[in-house]
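Chemist: Structure supplied as run.cif; contents: mmCIF, C-alpha atoms.
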data_start
loop_
_atom_site.group_PDB
_atom_site.id
_atom_site.type_symbol
_atom_site.label_atom_id
_atom_site.label_comp_id
_atom_site.auth_asym_id
_atom_site.auth_seq_id
_atom_site.Cartn_x
_atom_site.Cartn_y
_atom_site.Cartn_z
ATOM 1 C CA MET F 21 81.996 160.211 41.405
ATOM 2 C CA LYS F 22 80.061 158.114 43.848
ATOM 3 C CA ILE F 23 77.364 160.794 44.242
ATOM 4 C CA SER F 24 76.877 161.174 40.488
ATOM 5 C CA GLY F 25 76.614 157.374 40.173
ATOM 6 C CA TRP F 26 73.912 157.212 42.813
ATOM 7 C CA ILE F 27 72.033 160.084 41.164
ATOM 8 C CA LEU F 28 72.240 158.310 37.785
ATOM 9 C CA LEU F 29 71.071 155.026 39.328
ATOM 10 C CA PHE F 30 68.207 156.755 41.143
ATOM 11 C CA GLY F 31 67.161 158.498 37.912
ATOM 12 C CA LEU F 32 67.096 155.165 36.046
ATOM 13 C CA PHE F 33 64.892 153.618 38.760
ATOM 14 C CA VAL F 34 62.503 156.533 38.580
ATOM 15 C CA LEU F 35 62.448 156.458 34.764
ATOM 16 C CA PHE F 36 61.831 152.722 34.465
ATOM 17 C CA GLY F 37 59.640 152.514 37.562
ATOM 18 C CA CYS F 38 57.187 155.107 36.184
ATOM 19 C CA SER F 39 57.024 153.663 32.678
ATOM 20 C CA LYS F 40 54.966 150.665 33.725
ATOM 21 C CA GLU F 41 51.604 150.775 31.961
ATOM 22 C CA GLU F 42 48.584 149.943 34.038
ATOM 23 C CA SER F 43 45.689 148.123 32.513
ATOM 24 C CA ALA F 44 42.251 149.716 32.622
ATOM 25 C CA PRO F 45 39.915 148.322 35.257
ATOM 26 C CA ALA F 46 37.194 145.978 34.102
ATOM 27 C CA PRO F 47 33.961 147.781 33.223
ATOM 28 C CA LEU F 48 31.180 147.677 35.787
ATOM 29 C CA PRO F 49 28.170 145.487 35.072
ATOM 30 C CA PRO F 50 25.094 147.388 33.905
ATOM 31 C CA LEU F 51 22.656 148.442 36.621
ATOM 32 C CA LYS F 52 19.106 147.201 36.452
ATOM 33 C CA LYS F 53 16.558 149.912 35.741
ATOM 34 C CA ILE F 54 14.480 151.302 38.545
ATOM 35 C CA GLU F 55 10.783 151.103 37.880
ATOM 36 C CA VAL F 56 8.902 154.223 38.915
ATOM 37 C CA PRO F 57 5.397 153.300 40.066
ATOM 38 C CA GLU F 58 2.508 154.564 37.970
ATOM 39 C CA GLY F 59 -0.228 156.710 39.500
ATOM 40 C CA VAL F 60 -0.237 158.650 42.734
ATOM 41 C CA VAL F 61 -0.931 155.872 45.239
ATOM 42 C CA GLY F 62 1.975 155.558 47.649
ATOM 43 C CA PHE F 63 3.947 157.238 50.421
ATOM 44 C CA TYR F 64 5.002 160.893 50.556
ATOM 45 C CA SER F 65 6.935 163.037 52.994
ATOM 46 C CA GLY F 66 7.516 166.758 53.204
ATOM 47 C CA ARG F 67 7.352 170.024 55.067
ATOM 48 C CA LEU F 68 4.330 172.284 54.967
ATOM 49 C CA PRO F 69 4.103 175.899 56.129
ATOM 50 C CA CYS F 70 2.843 176.839 59.599
ATOM 51 C CA ASP F 71 2.172 180.175 61.273
ATOM 52 C CA SER F 72 3.123 179.722 64.907
ATOM 53 C CA CYS F 73 5.558 176.835 64.808
ATOM 54 C CA MET F 74 9.124 176.017 63.839
ATOM 55 C CA ALA F 75 8.233 173.179 61.442
ATOM 56 C CA ASN F 76 5.273 171.161 60.164
ATOM 57 C CA MET F 77 6.626 167.829 58.938
ATOM 58 C CA VAL F 78 4.133 165.480 57.290
ATOM 59 C CA LYS F 79 3.992 161.869 56.142
ATOM 60 C CA VAL F 80 1.169 161.011 53.768
ATOM 61 C CA GLN F 81 -0.117 157.684 52.520
ATOM 62 C CA LEU F 82 -2.442 157.794 49.507
ATOM 63 C CA LYS F 83 -4.301 154.504 49.267
ATOM 64 C CA GLU F 84 -5.925 152.639 46.365
ATOM 65 C CA ASP F 85 -9.442 153.355 47.683
ATOM 66 C CA SER F 86 -8.803 157.171 47.551
ATOM 67 C CA SER F 87 -8.361 157.374 51.325
ATOM 68 C CA VAL F 88 -5.554 159.344 52.966
ATOM 69 C CA VAL F 89 -3.579 158.800 56.167
ATOM 70 C CA PHE F 90 -1.942 162.132 57.004
ATOM 71 C CA ILE F 91 0.537 162.214 59.914
ATOM 72 C CA GLN F 92 1.780 165.658 60.865
ATOM 73 C CA SER F 93 4.414 166.506 63.440
ATOM 74 C CA ILE F 94 4.341 170.140 64.476
ATOM 75 C CA ALA F 95 7.431 171.448 66.283
ATOM 76 C CA ARG F 96 6.612 174.443 68.469
ATOM 77 C CA GLY F 97 10.061 174.540 70.120
ATOM 78 C CA SER F 98 13.443 172.855 70.070
ATOM 79 C CA THR F 99 12.750 170.176 72.702
ATOM 80 C CA PRO F 100 11.155 166.779 72.023
ATOM 81 C CA ASP F 101 8.316 167.714 74.418
ATOM 82 C CA SER F 102 7.323 170.567 72.113
ATOM 83 C CA ILE F 103 6.475 168.307 69.149
ATOM 84 C CA ASP F 104 2.793 167.489 68.643
ATOM 85 C CA THR F 105 1.950 164.585 66.350
ATOM 86 C CA ASP F 106 -1.541 164.165 64.911
ATOM 87 C CA THR F 107 -2.906 161.537 62.557
ATOM 88 C CA LEU F 108 -5.633 162.788 60.254
ATOM 89 C CA SER F 109 -7.607 160.752 57.771
ATOM 90 C CA GLY F 110 -9.769 161.635 54.822
ATOM 91 C CA ARG F 111 -10.131 161.339 51.066
ATOM 92 C CA PHE F 112 -8.177 162.523 48.038
ATOM 93 C CA THR F 113 -9.099 163.229 44.440
ATOM 94 C CA MET F 114 -6.879 163.669 41.421
ATOM 95 C CA ALA F 115 -8.005 165.896 38.544
ATOM 96 C CA GLY F 116 -5.368 166.236 35.811
ATOM 97 C CA ASP F 117 -2.202 167.261 37.641
ATOM 98 C CA LYS F 118 -4.047 168.622 40.715
ATOM 99 C CA LEU F 119 -4.325 166.604 43.933
ATOM 100 C CA SER F 120 -6.931 167.629 46.500
ATOM 101 C CA MET F 121 -7.071 166.263 50.041
ATOM 102 C CA GLU F 122 -10.000 166.663 52.391
ATOM 103 C CA LEU F 123 -9.089 165.638 55.950
ATOM 104 C CA SER F 124 -10.909 165.537 59.288
ATOM 105 C CA GLU F 125 -14.372 165.475 57.701
ATOM 106 C CA GLY F 126 -13.662 168.545 55.561
ATOM 107 C CA LYS F 127 -12.125 170.710 58.302
ATOM 108 C CA VAL F 128 -8.650 170.594 56.681
ATOM 109 C CA ARG F 129 -8.114 170.914 52.934
ATOM 110 C CA TYR F 130 -4.938 170.883 50.885
ATOM 111 C CA HIS F 131 -4.441 171.342 47.148
ATOM 112 C CA PHE F 132 -1.254 170.287 45.373
ATOM 113 C CA GLN F 133 0.112 170.368 41.835
ATOM 114 C CA GLN F 134 1.989 167.328 40.566
ATOM 115 C CA GLY F 135 5.599 168.001 39.734
ATOM 116 C CA SER F 136 8.441 165.992 38.346
ATOM 117 C CA TYR F 137 9.338 162.535 39.659
ATOM 118 C CA GLY F 138 6.065 162.161 41.547
ATOM 119 C CA SER F 139 6.375 165.131 43.885
ATOM 120 C CA PHE F 140 3.469 167.440 44.750
ATOM 121 C CA ALA F 141 3.853 171.193 45.367
ATOM 122 C CA LEU F 142 1.415 172.927 47.734
ATOM 123 C CA LEU F 143 -0.897 175.449 46.055
ATOM 124 C CA THR F 144 -2.009 178.756 47.536
ATOM 125 C CA GLY F 145 -5.638 179.879 47.655
ATOM 126 C CA ALA F 146 -4.998 181.684 44.360
ATOM 127 C CA GLY F 147 -3.871 178.437 42.711
ATOM 128 C CA THR F 148 -0.173 179.305 42.459
ATOM 129 C CA VAL F 149 2.659 177.192 43.863
ATOM 130 C CA TYR F 150 3.433 178.202 47.453
ATOM 131 C CA LYS F 151 6.982 179.451 48.106
ATOM 132 C CA ASP F 152 8.378 180.493 51.486
ATOM 133 C CA GLN F 153 10.365 183.661 52.193
ATOM 134 C CA ASP F 154 13.529 181.912 50.936
ATOM 135 C CA GLY F 155 11.868 180.893 47.654
ATOM 136 C CA PHE F 156 11.540 177.182 48.499
ATOM 137 C CA LYS F 157 8.404 175.249 47.600
ATOM 138 C CA ALA F 158 6.404 173.340 50.186
ATOM 139 C CA GLU F 159 6.447 169.887 48.596
ATOM 140 C CA LEU F 160 5.505 166.316 49.271
ATOM 141 C CA ILE F 161 8.266 164.069 47.928
ATOM 142 C CA ARG F 162 7.395 160.537 46.847
ATOM 143 C CA ILE F 163 8.998 157.769 48.925
ATOM 144 C CA TYR F 164 9.441 154.661 46.781
ATOM 145 C CA ILE F 165 10.226 152.247 49.639
ATOM 146 C CA ASN F 166 7.513 151.429 52.164
ATOM 147 C CA PRO F 167 8.619 153.268 55.346
ATOM 148 C CA LEU F 168 6.162 151.337 57.512
ATOM 149 C CA ARG F 169 7.673 147.949 56.638
ATOM 150 C CA THR F 170 9.319 146.320 59.632
ATOM 151 C CA ALA F 171 12.495 144.274 59.730
ATOM 152 C CA ASP F 172 10.364 141.136 60.285
ATOM 153 C CA ASP F 173 8.424 141.873 57.071
ATOM 154 C CA THR F 174 11.705 142.264 55.169
ATOM 155 C CA THR F 175 13.062 138.984 56.553
ATOM 156 C CA LYS F 176 9.841 137.153 55.653
ATOM 157 C CA ALA F 177 9.853 138.605 52.136
ATOM 158 C CA ASP F 178 13.521 137.690 51.626
ATOM 159 C CA SER F 179 13.027 134.122 52.870
ATOM 160 C CA ALA F 180 9.911 133.730 50.675
ATOM 161 C CA LYS F 181 11.927 134.895 47.660
ATOM 162 C CA ALA F 182 14.731 132.433 48.524
ATOM 163 C CA VAL F 183 12.201 129.577 48.607
ATOM 164 C CA GLU F 184 10.829 130.673 45.196
ATOM 165 C CA ASP F 185 14.349 130.806 43.724
ATOM 166 C CA LYS F 186 15.078 127.182 44.733
#
Mind converting the file's structure to structure tokens?
Modeler:
Amino acid sequence: MKISGWILLFGLFVLFGCSKEESAPAPLPPLKKIEVPEGVVGFYSGRLPCDSCMANMVKVQLKEDSSVVFIQSIARGSTPDSIDTDTLSGRFTMAGDKLSMELSEGKVRYHFQQGSYGSFALLTGAGTVYKDQDGFKAELIRIYINPLRTADDTTKADSAKAVEDK
């Protein structure tokens, strides 16, 4: 009878221990909305096609005065010594949803079509969106945070904001 008593007691603990109702957690506060910048001026990053290399990674800054800073890193092998980085400059124009860049005094030209969320897809010579052998587009993705901002700039901006808040 001792075993059946322990089983009964254990069953009662399980039954009453599991019947406790838990209250729902407090709802999270609403998130503030992210403002997407208007226009095309800003920072972009992406991968463009290349013939005799492993990768052509680019960082692009489109400035208010229609100038472009175009930094490309071309990887010809798998070692850090095989990466060539060039900084090109030039001008850009925007006509409708088409972005044109003329770099190195007209020696290098790129044409892009604006996509969703501020991205730009590379266009072929025929005016169609470029896709690689795997079907992926060569795109420049908009970067909404200034990648060239240093930690000192961030600290200065934060301390200036703290002074304003007081």
Chemist: What gap, in Å, lies between CA of Glu125 (chain F) and CA of Ile163 (chain F)?
Modeler: 26.1 Å
Chemist: Can you list what the PyMOL selection byres ((chain F and resi 59) around 12) grabs from this structure, as a count of residues only?
Modeler: 20
Chemist: Rank nothing, just name the residue among F:Ala146, F:Ile161, F:Ala75, F:Ala141 nearest to Arg96 (chain F), using all atoms listed in the file.
Modeler: F:Ala75
Chemist: Would you be able to write out as a compact mmCIF listing (two decimals) with C-alpha atoms, in the frame of the given file which residues have an atom within 7 Å of (7.7, 166.5, 52.6) in the file's coordinates, counting all atoms listed in the file?
Modeler:
# COMPACT_ATOMS: atom_id res chain seq x y z
CA TYR F 64 5.00 160.89 50.56
CA SER F 65 6.94 163.04 52.99
CA GLY F 66 7.52 166.76 53.20
CA ARG F 67 7.35 170.02 55.07
CA MET F 77 6.63 167.83 58.94
CA VAL F 78 4.13 165.48 57.29
CA LYS F 79 3.99 161.87 56.14
CA GLU F 159 6.45 169.89 48.60
CA LEU F 160 5.50 166.32 49.27
CA ILE F 161 8.27 164.07 47.93
Chemist: Quick one: of F:Val149, F:Ala95, F:Met74, F:Leu29, who's nearest to Lys118 (chain F), counting only C-alpha atoms?
Modeler: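 Smallest distance to Lys118 (chain F) is found for F:Val149.
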Chemist: Between F:Glu122, F:Ile94, F:Lys151, F:Val89, which residue has the minimum interatomic distance to Ser72 (chain F), considering only C-alpha atoms?
Modeler: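 Result for the nearest residue to Ser72 (chain F): F:Ile94.
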Chemist: Just how far from CA of Asp152 (chain F) is CA of Leu68 (chain F), in Å to one decimal?
Modeler: 9.8 Å
Chemist: Neighbouring residues of Ser93 (chain F) were defined as those with any atom within 7 Å, considering all atoms listed in the file; residues of the same chain fewer than 5 positions away were excluded. Please report them as a list of chain:residue names.
Modeler: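 Close residues of Ser93 (chain F): F:Asn76, F:Met77, F:Val78, F:Ile103, F:Asp104, F:Thr105, F:Asp106.
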Chemist: Quick one: residues within 8 Å of Ser109 (chain F), only C-alpha atoms, excluding same-chain residues fewer than 5 positions away - as a PyMOL selection string?
Modeler: chain F and resi 87-90+123-124
Chemist: How many Å lie between CA of Gly97 (chain F) and CA of His131 (chain F), rounded to one decimal?
Modeler: 27.4 Å
Chemist: Once 4 Å is added on each side, what centre and edge lengths in Å to one decimal does the axis-aligned box around all listed atoms of region 84-95 of chain F have, as JSON?
Modeler:
{"center_x": -1.0, "center_y": 162.0, "center_z": 56.3, "size_x": 24.9, "size_y": 26.8, "size_z": 27.9}
Chemist: May I ask which of the residues F:Gly126, F:Gly110, F:Gly31, F:Gly135 is the closest one to Asp85 (chain F), counting only C-alpha atoms?
Modeler: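 Of all the options, F:Gly110 lies closest to Asp85 (chain F).
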